[in-house]
Amino acid sequence: MLAFRKIVDFYIQSSIHVGFAVFCLVQLSVQQWNSYSFLVLFGTIVGYNFLKYSEWFFSTHFFRIQYIGILVVTLISAIGFSWLFLQQDATVQLNLILAFGLVVLYPLVRKIGWLKPFYVSFVVSYITLFVPLKSDVDVIVLFVQRFLLLSSVMIPFEILDSSKDAVAMKTLPHCFGIPRTKQIGYGLVGLFCMTSFHTLSLHYPYFIYALSSLIAIYFSDEKRSWYYTSFWVESLPIFWLVVLLF
């Protein structure tokens, strides 16, 4: 059991899990296998690990077994990302360079606590929907839907982190309290539903997307286990893709 838990911890801490989640968000948009989806998978792993471990990458403390494993995963992902990046057309490459710039700005944006969840949702929506569907006539509506849905599932992360984040950051829970922050999440789900009414052929999966987000928000609190957000909530896009496909 201990060995299994260590494997799960490494799977989460090396950002493989969040990489698959973002990969599934791309698949929700394009609904077919393509090189861009795998590029986003590798790019997410590299980006998240860079943001989480950059200070350790250049320190002597990094040369521990668990960190070496993370470094290996990051290097393999960087190679995969670079190879697939070169296969994309110039427009996609330019959009990804812009997305990279937004990721680099995240540490600065993070200091504006209330803005953080919406910024992350914007960047992820841009990468997983706007870039692959930029020529779709409904791309703006779809982008807004994705942004609202992802913003709602960021709420459990904000609530869990509220006990660790400095009050000076003025995160949503710090500004409004946890009950009101949950209400903001419910409101975001409601707006998602309102923008989804025209998509008649997708009412069933969209209902499941909304319901699962509401459940994740309802059961979130600052005393929840780290696994609640880092595994279960981050698994929602994987669940959504399964619902859409089956």
# chains A, B, ... in the order shown; residues from 1 in each chain; ligands from 1
$ select_by_dssp --residues "range 39-154 of chain A" --states "helix (DSSP H, G or I)" --output "PyMOL selection string"
chain A and resi 39-57+60-62+65-85+90-104+106-109+116-130+139-154
$ residues_around --residues "Phe85 in chain A" --least-positions-apart "6" --cutoff "9 Å" --atoms "only C-alpha atoms" --output "ChimeraX atom specification"
/A:35-36,39,92-93,96
$ residues_around --residues "Cys193 in chain A" --least-positions-apart "4" --cutoff "8 Å" --atoms "only C-alpha atoms" --output "number ranges by chain"
A: 189, 197, 206-207, 210
$ residues_around --residues "Ala216 in chain A" --least-positions-apart "3" --cutoff "12 Å" --atoms "only C-alpha atoms" --output "PyMOL selection string"
chain A and resi 149-150+152-157+159-160+182+185-186+189+209-213+219-221+224+228-229+231-236
$ write_last_selection --atoms "N, CA and C atoms" --output "mmCIF file, in the first residue's frame"
data_model
loop_
_atom_site.group_PDB
_atom_site.id
_atom_site.type_symbol
_atom_site.label_atom_id
_atom_site.label_comp_id
_atom_site.auth_asym_id
_atom_site.auth_seq_id
_atom_site.Cartn_x
_atom_site.Cartn_y
_atom_site.Cartn_z
ATOM 1 N N LEU A 149 -16.396 27.334 -16.989
ATOM 2 C CA LEU A 149 -16.341 26.010 -16.373
ATOM 3 C C LEU A 149 -15.032 25.818 -15.604
ATOM 4 N N LEU A 150 -13.920 26.181 -16.209
ATOM 5 C CA LEU A 150 -12.634 26.012 -15.538
ATOM 6 C C LEU A 150 -12.494 26.956 -14.349
ATOM 7 N N SER A 152 -14.861 27.799 -12.407
ATOM 8 C CA SER A 152 -15.634 27.201 -11.313
ATOM 9 C C SER A 152 -14.847 26.094 -10.620
ATOM 10 N N VAL A 153 -14.124 25.277 -11.383
ATOM 11 C CA VAL A 153 -13.395 24.172 -10.745
ATOM 12 C C VAL A 153 -12.079 24.641 -10.131
ATOM 13 N N MET A 154 -11.730 25.902 -10.326
ATOM 14 C CA MET A 154 -10.590 26.466 -9.609
ATOM 15 C C MET A 154 -10.961 26.819 -8.174
ATOM 16 N N ILE A 155 -12.245 26.954 -7.886
ATOM 17 C CA ILE A 155 -12.695 27.356 -6.555
ATOM 18 C C ILE A 155 -12.226 26.392 -5.457
ATOM 19 N N PRO A 156 -12.349 25.052 -5.640
ATOM 20 C CA PRO A 156 -11.840 24.147 -4.599
ATOM 21 C C PRO A 156 -10.354 24.342 -4.301
ATOM 22 N N PHE A 157 -9.561 24.659 -5.316
ATOM 23 C CA PHE A 157 -8.132 24.915 -5.101
ATOM 24 C C PHE A 157 -7.935 26.167 -4.247
ATOM 25 N N ILE A 159 -10.040 27.439 -2.111
ATOM 26 C CA ILE A 159 -10.495 27.181 -0.739
ATOM 27 C C ILE A 159 -9.461 26.369 0.033
ATOM 28 N N LEU A 160 -8.926 25.317 -0.584
ATOM 29 C CA LEU A 160 -7.931 24.491 0.093
ATOM 30 C C LEU A 160 -6.678 25.287 0.419
ATOM 31 N N LYS A 182 -17.744 29.876 -2.386
ATOM 32 C CA LYS A 182 -18.503 28.772 -2.985
ATOM 33 C C LYS A 182 -19.661 29.307 -3.815
ATOM 34 N N GLY A 185 -18.490 30.280 -7.080
ATOM 35 C CA GLY A 185 -18.327 29.083 -7.911
ATOM 36 C C GLY A 185 -19.645 28.611 -8.478
ATOM 37 N N TYR A 186 -20.691 28.576 -7.634
ATOM 38 C CA TYR A 186 -22.015 28.172 -8.122
ATOM 39 C C TYR A 186 -22.505 29.130 -9.206
ATOM 40 N N VAL A 189 -20.867 28.331 -12.494
ATOM 41 C CA VAL A 189 -21.493 27.162 -13.116
ATOM 42 C C VAL A 189 -22.827 27.566 -13.743
ATOM 43 N N TYR A 209 -21.031 17.995 -16.868
ATOM 44 C CA TYR A 209 -19.907 18.888 -16.566
ATOM 45 C C TYR A 209 -20.293 19.824 -15.417
ATOM 46 N N ALA A 210 -21.485 20.428 -15.528
ATOM 47 C CA ALA A 210 -21.938 21.385 -14.524
ATOM 48 C C ALA A 210 -22.165 20.699 -13.173
ATOM 49 N N LEU A 211 -22.828 19.548 -13.191
ATOM 50 C CA LEU A 211 -23.134 18.844 -11.945
ATOM 51 C C LEU A 211 -21.858 18.426 -11.216
ATOM 52 N N SER A 212 -20.893 17.895 -11.943
ATOM 53 C CA SER A 212 -19.643 17.451 -11.314
ATOM 54 C C SER A 212 -18.880 18.639 -10.736
ATOM 55 N N SER A 213 -18.949 19.788 -11.385
ATOM 56 C CA SER A 213 -18.290 20.988 -10.867
ATOM 57 C C SER A 213 -18.965 21.467 -9.582
ATOM 58 N N PHE A 219 -18.235 20.105 -1.781
ATOM 59 C CA PHE A 219 -17.499 19.301 -0.804
ATOM 60 C C PHE A 219 -16.104 19.839 -0.487
ATOM 61 N N SER A 220 -15.777 20.994 -1.028
ATOM 62 C CA SER A 220 -14.442 21.554 -0.770
ATOM 63 C C SER A 220 -14.430 22.358 0.523
ATOM 64 N N ASP A 221 -13.357 22.258 1.251
ATOM 65 C CA ASP A 221 -13.102 23.124 2.402
ATOM 66 C C ASP A 221 -11.605 23.151 2.664
ATOM 67 N N ARG A 224 -9.637 19.849 3.695
ATOM 68 C CA ARG A 224 -9.608 18.672 2.829
ATOM 69 C C ARG A 224 -8.173 18.204 2.577
ATOM 70 N N TYR A 228 -7.639 15.682 -2.584
ATOM 71 C CA TYR A 228 -8.971 16.073 -3.055
ATOM 72 C C TYR A 228 -8.869 16.961 -4.293
ATOM 73 N N THR A 229 -8.009 17.973 -4.225
ATOM 74 C CA THR A 229 -7.863 18.856 -5.378
ATOM 75 C C THR A 229 -6.850 18.310 -6.386
ATOM 76 N N PHE A 231 -5.750 15.402 -7.051
ATOM 77 C CA PHE A 231 -6.097 14.195 -7.810
ATOM 78 C C PHE A 231 -7.547 14.217 -8.274
ATOM 79 N N TRP A 232 -8.483 14.322 -7.323
ATOM 80 C CA TRP A 232 -9.896 14.162 -7.689
ATOM 81 C C TRP A 232 -10.429 15.324 -8.510
ATOM 82 N N VAL A 233 -10.207 16.560 -8.071
ATOM 83 C CA VAL A 233 -10.718 17.699 -8.835
ATOM 84 C C VAL A 233 -9.996 17.816 -10.173
ATOM 85 N N GLU A 234 -8.699 17.564 -10.180
ATOM 86 C CA GLU A 234 -7.959 17.617 -11.443
ATOM 87 C C GLU A 234 -8.331 16.465 -12.368
ATOM 88 N N SER A 235 -9.035 15.456 -11.851
ATOM 89 C CA SER A 235 -9.505 14.350 -12.690
ATOM 90 C C SER A 235 -10.777 14.702 -13.444
ATOM 91 N N LEU A 236 -11.416 15.820 -13.126
ATOM 92 C CA LEU A 236 -12.689 16.160 -13.755
ATOM 93 C C LEU A 236 -12.612 16.218 -15.285
#
$ residues_around --residues "Gly19 in chain A" --least-positions-apart "3" --cutoff "12 Å" --atoms "only C-alpha atoms" --output "short mmCIF file (atom, residue, chain, number, x, y, z; two decimals) with all heavy atoms, in the first residue's frame"
data_model
loop_
_atom_site.label_atom_id
_atom_site.label_comp_id
_atom_site.auth_asym_id
_atom_site.auth_seq_id
_atom_site.Cartn_x
_atom_site.Cartn_y
_atom_site.Cartn_z
N TYR A 11 3.21 10.43 -9.45
CA TYR A 11 2.35 10.70 -10.61
C TYR A 11 1.75 12.10 -10.53
O TYR A 11 1.69 12.82 -11.54
CB TYR A 11 1.25 9.63 -10.66
CG TYR A 11 0.13 9.87 -11.63
CD1 TYR A 11 0.32 9.78 -13.00
CD2 TYR A 11 -1.15 10.18 -11.15
CE1 TYR A 11 -0.73 9.99 -13.88
CE2 TYR A 11 -2.20 10.38 -12.03
CZ TYR A 11 -1.98 10.29 -13.38
OH TYR A 11 -3.03 10.49 -14.26
N ILE A 12 1.35 12.50 -9.33
CA ILE A 12 0.76 13.83 -9.14
C ILE A 12 1.84 14.90 -9.10
O ILE A 12 1.76 15.92 -9.80
CB ILE A 12 -0.07 13.88 -7.84
CG1 ILE A 12 -1.26 12.92 -7.93
CG2 ILE A 12 -0.56 15.30 -7.57
CD1 ILE A 12 -2.01 12.76 -6.61
N GLN A 13 2.88 14.67 -8.29
CA GLN A 13 3.91 15.69 -8.07
C GLN A 13 4.74 15.97 -9.32
O GLN A 13 5.27 17.07 -9.48
CB GLN A 13 4.81 15.27 -6.92
CG GLN A 13 4.11 15.28 -5.57
CD GLN A 13 4.92 14.64 -4.46
OE1 GLN A 13 5.98 14.06 -4.71
NE2 GLN A 13 4.43 14.73 -3.24
N SER A 14 4.86 15.00 -10.21
CA SER A 14 5.62 15.21 -11.45
C SER A 14 4.76 15.87 -12.53
O SER A 14 5.21 16.05 -13.66
CB SER A 14 6.17 13.88 -11.96
OG SER A 14 5.12 12.98 -12.25
N SER A 15 3.51 16.18 -12.19
CA SER A 15 2.56 16.87 -13.08
C SER A 15 2.06 16.01 -14.23
O SER A 15 1.48 16.54 -15.18
CB SER A 15 3.18 18.17 -13.63
OG SER A 15 3.55 19.03 -12.58
N ILE A 16 2.27 14.70 -14.16
CA ILE A 16 1.73 13.82 -15.20
C ILE A 16 0.21 13.84 -15.16
O ILE A 16 -0.46 13.88 -16.21
CB ILE A 16 2.26 12.38 -15.02
CG1 ILE A 16 3.77 12.35 -15.19
CG2 ILE A 16 1.60 11.44 -16.03
CD1 ILE A 16 4.40 10.99 -14.88
N VAL A 22 -5.20 18.29 -18.82
CA VAL A 22 -5.19 19.33 -19.85
C VAL A 22 -5.26 18.70 -21.24
O VAL A 22 -5.91 19.24 -22.15
CB VAL A 22 -3.96 20.23 -19.69
CG1 VAL A 22 -3.91 21.30 -20.78
CG2 VAL A 22 -3.95 20.90 -18.32
N PHE A 23 -4.60 17.55 -21.42
CA PHE A 23 -4.71 16.79 -22.66
C PHE A 23 -6.18 16.48 -22.96
O PHE A 23 -6.65 16.64 -24.10
CB PHE A 23 -3.91 15.50 -22.53
CG PHE A 23 -4.13 14.50 -23.64
CD1 PHE A 23 -3.39 14.55 -24.81
CD2 PHE A 23 -5.08 13.49 -23.51
CE1 PHE A 23 -3.59 13.62 -25.83
CE2 PHE A 23 -5.28 12.55 -24.51
CZ PHE A 23 -4.54 12.62 -25.67
N CYS A 24 -6.93 16.06 -21.93
CA CYS A 24 -8.35 15.74 -22.11
C CYS A 24 -9.16 16.98 -22.46
O CYS A 24 -10.16 16.90 -23.20
CB CYS A 24 -8.90 15.07 -20.86
SG CYS A 24 -8.31 13.38 -20.62
N LEU A 25 -8.77 18.14 -21.95
CA LEU A 25 -9.46 19.38 -22.31
C LEU A 25 -9.29 19.68 -23.80
O LEU A 25 -10.23 20.16 -24.45
CB LEU A 25 -8.92 20.55 -21.48
CG LEU A 25 -9.34 20.57 -20.00
CD1 LEU A 25 -8.60 21.68 -19.25
CD2 LEU A 25 -10.85 20.74 -19.86
N VAL A 26 -8.10 19.42 -24.34
CA VAL A 26 -7.91 19.59 -25.78
C VAL A 26 -8.80 18.61 -26.53
O VAL A 26 -9.45 18.97 -27.52
CB VAL A 26 -6.44 19.38 -26.18
CG1 VAL A 26 -6.27 19.54 -27.69
CG2 VAL A 26 -5.53 20.35 -25.45
N SER A 37 -2.58 17.75 -29.36
CA SER A 37 -3.01 17.27 -28.04
C SER A 37 -1.83 16.77 -27.23
O SER A 37 -1.70 17.07 -26.03
CB SER A 37 -4.04 16.16 -28.20
OG SER A 37 -5.19 16.61 -28.88
N PHE A 38 -0.94 16.01 -27.87
CA PHE A 38 0.22 15.47 -27.16
C PHE A 38 1.25 16.57 -26.88
O PHE A 38 1.94 16.53 -25.86
CB PHE A 38 0.84 14.33 -27.97
CG PHE A 38 -0.01 13.10 -27.97
CD1 PHE A 38 -0.90 12.86 -29.01
CD2 PHE A 38 0.04 12.18 -26.93
CE1 PHE A 38 -1.70 11.73 -29.01
CE2 PHE A 38 -0.75 11.05 -26.92
CZ PHE A 38 -1.63 10.81 -27.97
N LEU A 39 1.33 17.55 -27.78
CA LEU A 39 2.20 18.70 -27.52
C LEU A 39 1.76 19.42 -26.24
O LEU A 39 2.60 19.78 -25.40
CB LEU A 39 2.14 19.65 -28.72
CG LEU A 39 2.97 20.94 -28.63
CD1 LEU A 39 3.46 21.34 -30.02
CD2 LEU A 39 2.15 22.09 -28.06
N VAL A 40 0.44 19.59 -26.08
CA VAL A 40 -0.08 20.24 -24.88
C VAL A 40 0.17 19.39 -23.65
O VAL A 40 0.49 19.91 -22.57
CB VAL A 40 -1.59 20.55 -25.05
CG1 VAL A 40 -2.19 21.02 -23.73
CG2 VAL A 40 -1.80 21.59 -26.13
N LEU A 41 0.04 18.08 -23.78
CA LEU A 41 0.35 17.17 -22.67
C LEU A 41 1.78 17.38 -22.18
O LEU A 41 2.02 17.61 -20.98
CB LEU A 41 0.15 15.72 -23.12
CG LEU A 41 0.73 14.62 -22.22
CD1 LEU A 41 0.05 14.62 -20.85
CD2 LEU A 41 0.60 13.26 -22.88
N PHE A 42 2.74 17.33 -23.10
CA PHE A 42 4.14 17.50 -22.73
C PHE A 42 4.42 18.92 -22.23
O PHE A 42 5.15 19.12 -21.25
CB PHE A 42 5.05 17.18 -23.91
CG PHE A 42 5.06 15.74 -24.31
CD1 PHE A 42 4.91 15.36 -25.63
CD2 PHE A 42 5.23 14.74 -23.36
CE1 PHE A 42 4.91 14.02 -26.00
CE2 PHE A 42 5.25 13.40 -23.71
CZ PHE A 42 5.09 13.04 -25.04
N GLY A 43 3.82 19.91 -22.91
CA GLY A 43 4.04 21.29 -22.52
C GLY A 43 3.50 21.61 -21.13
O GLY A 43 4.11 22.38 -20.38
N THR A 44 2.37 20.99 -20.78
CA THR A 44 1.80 21.19 -19.45
C THR A 44 2.72 20.65 -18.37
O THR A 44 2.94 21.30 -17.34
CB THR A 44 0.42 20.51 -19.36
OG1 THR A 44 -0.46 21.06 -20.34
CG2 THR A 44 -0.18 20.69 -17.96
N ILE A 45 3.27 19.47 -18.60
CA ILE A 45 4.19 18.88 -17.62
C ILE A 45 5.41 19.77 -17.43
O ILE A 45 5.82 20.06 -16.30
CB ILE A 45 4.61 17.47 -18.07
CG1 ILE A 45 3.41 16.52 -18.05
CG2 ILE A 45 5.73 16.92 -17.17
CD1 ILE A 45 3.68 15.14 -18.64
N VAL A 46 5.98 20.24 -18.54
CA VAL A 46 7.15 21.11 -18.45
C VAL A 46 6.81 22.42 -17.74
O VAL A 46 7.52 22.87 -16.84
CB VAL A 46 7.71 21.40 -19.86
CG1 VAL A 46 8.85 22.43 -19.78
CG2 VAL A 46 8.22 20.12 -20.50
N GLY A 47 5.69 23.03 -18.15
CA GLY A 47 5.30 24.32 -17.58
C GLY A 47 5.01 24.25 -16.09
O GLY A 47 5.51 25.08 -15.31
N TYR A 48 4.22 23.25 -15.69
CA TYR A 48 3.88 23.12 -14.27
C TYR A 48 5.12 22.81 -13.44
O TYR A 48 5.30 23.37 -12.35
CB TYR A 48 2.83 22.02 -14.08
CG TYR A 48 1.42 22.53 -14.10
CD1 TYR A 48 0.80 22.89 -15.29
CD2 TYR A 48 0.69 22.68 -12.92
CE1 TYR A 48 -0.51 23.36 -15.32
CE2 TYR A 48 -0.61 23.16 -12.93
CZ TYR A 48 -1.20 23.49 -14.13
OH TYR A 48 -2.48 23.97 -14.15
N ASN A 49 5.97 21.92 -13.93
CA ASN A 49 7.17 21.57 -13.16
C ASN A 49 8.14 22.76 -13.07
O ASN A 49 8.82 22.94 -12.05
CB ASN A 49 7.86 20.36 -13.77
CG ASN A 49 7.13 19.07 -13.47
OD1 ASN A 49 6.23 19.05 -12.63
ND2 ASN A 49 7.48 18.00 -14.15
N VAL A 73 11.30 13.16 -15.88
CA VAL A 73 10.00 13.33 -16.53
C VAL A 73 9.94 14.67 -17.26
O VAL A 73 9.45 14.76 -18.40
CB VAL A 73 8.85 13.24 -15.49
CG1 VAL A 73 7.52 13.68 -16.10
CG2 VAL A 73 8.73 11.82 -14.96
N THR A 74 10.47 15.71 -16.63
CA THR A 74 10.45 17.04 -17.24
C THR A 74 11.30 17.09 -18.50
O THR A 74 10.89 17.67 -19.52
CB THR A 74 10.95 18.09 -16.23
OG1 THR A 74 10.17 18.00 -15.03
CG2 THR A 74 10.85 19.49 -16.80
N SER A 77 9.61 15.18 -21.31
CA SER A 77 8.48 15.98 -21.79
C SER A 77 8.97 17.15 -22.62
O SER A 77 8.33 17.51 -23.63
CB SER A 77 7.65 16.47 -20.60
OG SER A 77 7.10 15.40 -19.87
N VAL A 124 -5.48 28.39 -19.72
CA VAL A 124 -5.78 27.01 -20.09
C VAL A 124 -6.84 26.95 -21.18
O VAL A 124 -6.75 26.14 -22.11
CB VAL A 124 -6.22 26.21 -18.84
CG1 VAL A 124 -6.64 24.79 -19.24
CG2 VAL A 124 -5.09 26.14 -17.82
N THR A 128 -6.23 25.19 -24.74
CA THR A 128 -6.96 23.94 -25.00
C THR A 128 -8.15 24.12 -25.94
O THR A 128 -8.65 23.13 -26.48
CB THR A 128 -7.47 23.31 -23.69
OG1 THR A 128 -8.42 24.20 -23.07
CG2 THR A 128 -6.32 23.02 -22.76
N SER A 230 -5.68 17.91 -5.89
CA SER A 230 -4.59 17.53 -6.78
C SER A 230 -4.86 16.25 -7.56
O SER A 230 -4.26 16.03 -8.62
CB SER A 230 -3.28 17.36 -5.99
OG SER A 230 -2.90 18.58 -5.42
N PHE A 231 -5.75 15.40 -7.05
CA PHE A 231 -6.10 14.20 -7.81
C PHE A 231 -7.55 14.22 -8.27
O PHE A 231 -7.82 14.17 -9.48
CB PHE A 231 -5.85 12.93 -6.99
CG PHE A 231 -6.11 11.67 -7.77
CD1 PHE A 231 -5.17 11.18 -8.67
CD2 PHE A 231 -7.31 10.99 -7.65
CE1 PHE A 231 -5.42 10.04 -9.41
CE2 PHE A 231 -7.57 9.84 -8.40
CZ PHE A 231 -6.62 9.37 -9.27
N GLU A 234 -8.70 17.56 -10.18
CA GLU A 234 -7.96 17.62 -11.44
C GLU A 234 -8.33 16.46 -12.37
O GLU A 234 -7.99 16.49 -13.56
CB GLU A 234 -6.45 17.63 -11.18
CG GLU A 234 -5.95 18.99 -10.71
CD GLU A 234 -4.44 19.07 -10.62
OE1 GLU A 234 -3.77 18.04 -10.85
OE2 GLU A 234 -3.94 20.16 -10.30
N SER A 235 -9.04 15.46 -11.85
CA SER A 235 -9.51 14.35 -12.69
C SER A 235 -10.78 14.70 -13.44
O SER A 235 -11.20 13.94 -14.33
CB SER A 235 -9.77 13.11 -11.83
OG SER A 235 -8.58 12.61 -11.26
N PRO A 237 -11.59 16.86 -15.89
CA PRO A 237 -11.54 16.85 -17.35
C PRO A 237 -11.44 15.45 -17.95
O PRO A 237 -11.97 15.19 -19.04
CB PRO A 237 -10.27 17.67 -17.67
CG PRO A 237 -10.11 18.56 -16.49
CD PRO A 237 -10.54 17.74 -15.31
N ILE A 238 -10.77 14.54 -17.24
CA ILE A 238 -10.68 13.16 -17.70
C ILE A 238 -12.07 12.53 -17.67
O ILE A 238 -12.50 11.85 -18.62
CB ILE A 238 -9.70 12.35 -16.82
CG1 ILE A 238 -8.31 13.00 -16.85
CG2 ILE A 238 -9.63 10.89 -17.28
CD1 ILE A 238 -7.31 12.39 -15.86
#
$ closest_residue --among "A:Ile184, A:Leu98, A:Ile217, A:Ile79" --to "Phe118 in chain A" --atoms "only C-alpha atoms"
A:Ile184
$ atom_distance --atom1 "CA of Lys223 in chain A" --atom2 "CA of Glu158 in chain A"
12.1 Å
